[in-house]
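Undergrad: Encoded as structure tokens, here's the structure I'll be asking about.
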Amino acid sequence: MASQLTFIGAGNMASAIFGGLIDNGYPAEAITATSPDEDMLKQHRARYGIQTTSDNIAGVSEADVVILAVKPQIMRQVCEPLQDALQISRPLIISIAAGLTIETLGQWLGDDSLPIVRCMPNTPALVGEGATGLYAPSGLGESHRALAGELLSAVGIVEWVEEETLLSAVTAIAGSAPAYFFYMLEAMENAGVERGLSRDTARRLAIQTALGAAHMAKESEHDPKTLKQQVMSPKGTTERAIASFEQAGFEKMVDDATLACFDRAESLARELRDQ
């Protein structure tokens with residue numbers, strides 16, 4: 001029998017996860033989503049056939065797993081009213097909120113002994129190609145770890161980290177990183193237009209090239225550095241382009257950007273803890 005899942009919050013990431021679960025055969029009737037937005041809930045009922053409610057307490061009362069999928073800034077006001085209901089049902093809690101530590105979540109939920117898993121998914125989960133980092137404290141049971149991994153793997157790959165602070169690194173190289181690649185695609189599209197291509201043609205070529213390169217990197221036995229070198233011929237066009245990237249400090253630029261993201265994730269955690 002499938003575990004009863006309740007999503008507190010029914011936005012894009014929540015719907016990506018329960019949509020992926022349903023696409024992979026999870027029974028829709030075992031999934032509940034809550035939101036104050038009745039129009040959103042109506043759309044989810046029609047599209048997915050899940051249960052919905054605007055009453056968070058009712059939603060968690062019989063849940064085996066509660067997925068916290070609201071913005072970090074409103075998480076406290078969402079969690080605190082659930083304390084009594086969670087003391088009775090004691091479900092597995094999975095938080096997809098950036099920056100909120102398990103210690104902070106435990107305080108807001110009124111019990112630091114509740115089983116809690118933190119995860120950092122990214123937006124390609126919307127198309128079943130997500131990359132999710134997961135962390136659980138050492139005392140969490142293996143069955144809870146396995147269940148959390150199974151649920152999140154419905155929308156892409158999952159990687160467990162051994163320290164909670166490493167979720168900030170996951171944010172830097174996966175959680176926020178789709179925007180980095182979109183930025184690169186935007187720049188390539190504009191460059192193609194500058195060289196005389198139509199915008200539609202430049203966009204299609206850039207997107208397909210990114211898709212093909214990512215697929216090659218995923219399937220190849222070689223690392224990205226080797227794959228890069230395999231495209232480069234001595235004194236050829238690719239070598240000239242890579243040299244230009246190197247002269248502009250591309251690798252440092254990427255490192256600086258991911259460090260800025262990492263630092264912001266860490267500072268956000270402190271701000272949310274102290275609010």
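In the structure tokens, chains take the letters A, B, ... in the order shown, each chain's residues start at 1, and ligands count up from 1 in the order shown.
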Write out as a PDB file with N, CA, C and O atoms, in the first residue's frame each polymer residue whose atoms come within 12 Å of Ser138 of chain A, counting only C-alpha atoms; drop sequence neighbours fewer than 6 positions from it.

TA:
ATOM      1  N   PRO A 115      11.135  12.854  12.458  1.00  0.00           N
ATOM      2  CA  PRO A 115      12.038  12.475  11.357  1.00  0.00           C
ATOM      3  C   PRO A 115      11.962  13.504  10.236  1.00  0.00           C
ATOM      4  O   PRO A 115      10.907  13.697   9.631  1.00  0.00           O
ATOM      5  N   ILE A 116      13.069  14.182   9.979  1.00  0.00           N
ATOM      6  CA  ILE A 116      13.098  15.260   8.982  1.00  0.00           C
ATOM      7  C   ILE A 116      14.233  15.021   7.995  1.00  0.00           C
ATOM      8  O   ILE A 116      15.353  14.702   8.387  1.00  0.00           O
ATOM      9  N   VAL A 117      13.918  15.180   6.716  1.00  0.00           N
ATOM     10  CA  VAL A 117      14.907  15.153   5.638  1.00  0.00           C
ATOM     11  C   VAL A 117      14.846  16.494   4.931  1.00  0.00           C
ATOM     12  O   VAL A 117      13.763  17.008   4.640  1.00  0.00           O
ATOM     13  N   HIS A 144      13.172   5.512   6.343  1.00  0.00           N
ATOM     14  CA  HIS A 144      12.823   6.895   6.027  1.00  0.00           C
ATOM     15  C   HIS A 144      13.757   7.455   4.942  1.00  0.00           C
ATOM     16  O   HIS A 144      13.304   8.164   4.037  1.00  0.00           O
ATOM     17  N   ARG A 145      15.044   7.152   5.031  1.00  0.00           N
ATOM     18  CA  ARG A 145      15.976   7.600   3.999  1.00  0.00           C
ATOM     19  C   ARG A 145      15.601   7.025   2.643  1.00  0.00           C
ATOM     20  O   ARG A 145      15.592   7.733   1.618  1.00  0.00           O
ATOM     21  N   VAL A 161      24.127  13.945   0.752  1.00  0.00           N
ATOM     22  CA  VAL A 161      25.334  14.562   1.309  1.00  0.00           C
ATOM     23  C   VAL A 161      25.404  14.219   2.789  1.00  0.00           C
ATOM     24  O   VAL A 161      24.370  14.003   3.439  1.00  0.00           O
ATOM     25  N   GLU A 162      26.607  14.177   3.308  1.00  0.00           N
ATOM     26  CA  GLU A 162      26.821  13.700   4.673  1.00  0.00           C
ATOM     27  C   GLU A 162      26.781  14.810   5.713  1.00  0.00           C
ATOM     28  O   GLU A 162      26.712  14.525   6.914  1.00  0.00           O
ATOM     29  N   GLU A 163      26.868  16.067   5.280  1.00  0.00           N
ATOM     30  CA  GLU A 163      26.800  17.195   6.200  1.00  0.00           C
ATOM     31  C   GLU A 163      25.742  18.175   5.703  1.00  0.00           C
ATOM     32  O   GLU A 163      25.651  18.444   4.503  1.00  0.00           O
ATOM     33  N   GLU A 164      24.975  18.718   6.626  1.00  0.00           N
ATOM     34  CA  GLU A 164      23.887  19.599   6.241  1.00  0.00           C
ATOM     35  C   GLU A 164      24.390  20.851   5.530  1.00  0.00           C
ATOM     36  O   GLU A 164      23.752  21.345   4.592  1.00  0.00           O
TER      37      GLU A 164
END

Undergrad: Residues near segment 71-82 of chain A, anyone? I mean within 12 Å using only C-alpha atoms, not counting same-chain ones fewer than 3 positions away, as an NGL selection string.

TA: :A and (8-14 or 34-36 or 55-61 or 66-68 or 85-91 or 93 or 95-101 or 104-111 or 265 or 268-275)

Undergrad: So what do you get for atom CA of Thr132 of chain A versus atom CA of Lys218 of chain A, distance-wise?

TA: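 Interatomic distance here is 16.0 Å.
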
Undergrad: Quick one: DSSP alpha helix (DSSP H) residues in segment 86-163 of chain A, as an mmCIF file with C-alpha atoms, in the first residue's frame?

TA:
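Printed below is out-v4.cif as written:
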data_model
loop_
_atom_site.group_PDB
_atom_site.id
_atom_site.type_symbol
_atom_site.label_atom_id
_atom_site.label_comp_id
_atom_site.auth_asym_id
_atom_site.auth_seq_id
_atom_site.Cartn_x
_atom_site.Cartn_y
_atom_site.Cartn_z
ATOM 1 C CA LEU A 86 2.154 16.172 13.851
ATOM 2 C CA GLN A 87 2.625 14.974 17.418
ATOM 3 C CA ILE A 88 -0.207 12.533 16.790
ATOM 4 C CA SER A 89 0.612 11.340 13.274
ATOM 5 C CA ILE A 102 16.653 20.706 10.412
ATOM 6 C CA GLU A 103 17.221 22.249 13.848
ATOM 7 C CA THR A 104 15.143 25.303 12.929
ATOM 8 C CA LEU A 105 12.401 23.202 11.354
ATOM 9 C CA GLY A 106 12.275 20.995 14.441
ATOM 10 C CA GLN A 107 11.805 24.042 16.658
ATOM 11 C CA TRP A 108 9.021 25.433 14.494
ATOM 12 C CA GLU A 142 17.052 3.635 6.862
ATOM 13 C CA SER A 143 13.424 3.147 5.832
ATOM 14 C CA HIS A 144 12.823 6.895 6.027
ATOM 15 C CA ARG A 145 15.976 7.600 3.999
ATOM 16 C CA ALA A 146 14.952 5.077 1.369
ATOM 17 C CA LEU A 147 11.443 6.523 1.142
ATOM 18 C CA ALA A 148 12.704 10.097 0.745
ATOM 19 C CA GLY A 149 15.148 9.029 -1.954
ATOM 20 C CA GLU A 150 12.461 7.064 -3.784
ATOM 21 C CA LEU A 151 10.033 9.992 -3.794
ATOM 22 C CA LEU A 152 12.540 12.573 -5.056
#

Undergrad: Considering only strand (DSSP E) as DSSP defines it on the backbone, what residues of segment 149-204 of chain A qualify? List them as a PyMOL selection string.

TA: chain A and resi 156-160

Undergrad: Could you write out that same residue set with N, CA and C atoms as a PDB file, in the first residue's frame?

TA:
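Contents of out-v9.pdb, freshly written:
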ATOM      1  N   GLY A 156      14.063  12.967 -11.213  1.00  0.00           N
ATOM      2  CA  GLY A 156      15.460  13.138 -11.609  1.00  0.00           C
ATOM      3  C   GLY A 156      16.395  12.342 -10.718  1.00  0.00           C
ATOM      4  N   ILE A 157      17.662  12.730 -10.694  1.00  0.00           N
ATOM      5  CA  ILE A 157      18.634  12.022  -9.867  1.00  0.00           C
ATOM      6  C   ILE A 157      18.645  12.601  -8.451  1.00  0.00           C
ATOM      7  N   VAL A 158      19.063  11.784  -7.504  1.00  0.00           N
ATOM      8  CA  VAL A 158      19.236  12.250  -6.126  1.00  0.00           C
ATOM      9  C   VAL A 158      20.648  11.923  -5.673  1.00  0.00           C
ATOM     10  N   GLU A 159      21.218  12.828  -4.882  1.00  0.00           N
ATOM     11  CA  GLU A 159      22.540  12.634  -4.307  1.00  0.00           C
ATOM     12  C   GLU A 159      22.470  12.991  -2.821  1.00  0.00           C
ATOM     13  N   TRP A 160      22.858  12.048  -1.960  1.00  0.00           N
ATOM     14  CA  TRP A 160      22.883  12.302  -0.525  1.00  0.00           C
ATOM     15  C   TRP A 160      24.198  12.974  -0.148  1.00  0.00           C
TER      16      TRP A 160
END

Undergrad: Show which residues sit within 9 Å of segment 207-210 of chain A, as a short mmCIF file (atom, residue, chain, number, x, y, z; two decimals) with N, CA and C atoms, in the first residue's frame. Count only C-alpha atoms, and ignore same-chain residues fewer than 6 positions away.

TA:
data_model
loop_
_atom_site.label_atom_id
_atom_site.label_comp_id
_atom_site.auth_asym_id
_atom_site.auth_seq_id
_atom_site.Cartn_x
_atom_site.Cartn_y
_atom_site.Cartn_z
N PHE A 181 22.94 28.15 -16.83
CA PHE A 181 22.90 27.60 -18.18
C PHE A 181 21.93 28.38 -19.08
N LEU A 185 22.80 30.17 -22.57
CA LEU A 185 21.98 30.02 -23.77
C LEU A 185 21.55 31.38 -24.31
N GLU A 189 22.56 32.71 -27.95
CA GLU A 189 21.52 33.15 -28.89
C GLU A 189 21.83 34.55 -29.41
#

Undergrad: Can you tell me which residues surround Leu227 of chain A at a distance of at most 12 Å, considering only C-alpha atoms, apart from same-chain residues fewer than 3 positions away, and format the answer as an MDAnalysis selection string?

TA: chainID A and resid 213:224 230:232

Undergrad: Go ahead and compute the interatomic distance for atom CA of Tyr180 of chain A and atom CA of Met253 of chain A, in Å to one decimal.

TA: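 Distance reported for this atom pair: 11.3 Å.
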
Undergrad: Which residues, written as a list in words, have at least one atom at most 12 Å from Ala30 of chain A, with only C-alpha atoms counted and residues fewer than 3 positions away on the same chain left out?

TA: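 Listing them by chain and then by number gives Met1, Ala2, Ser3, Gln4, Leu5, Thr6, Phe7, Phe18, Leu21, Ile22, Gly25, Tyr26, Pro27, Ala33, Tyr48, Gly49, Ile50, Gln51, Thr52, Gly59, Glu62, Ala63, Asp64 and Val65 of chain A.
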
Undergrad: Using only C-alpha atoms, can you tell me which of A:Asp84, A:Leu166, A:Leu92, A:Cys261 comes closest to Met120 of chain A?

TA: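 Closest residue, counting only C-alpha atoms: A:Leu166.
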
Undergrad: In Å to one decimal, how far is atom CA of Glu194 of chain A from atom CA of Ala177 of chain A?

TA: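 We find that atom CA of Ala177 of chain A and atom CA of Glu194 of chain A lie 26.0 Å from each other.
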
Undergrad: With distances taken over only C-alpha atoms, which of A:Arg118, A:Val155, A:Ala172, A:Val193 is nearest to Ala69 of chain A?

TA: A:Arg118
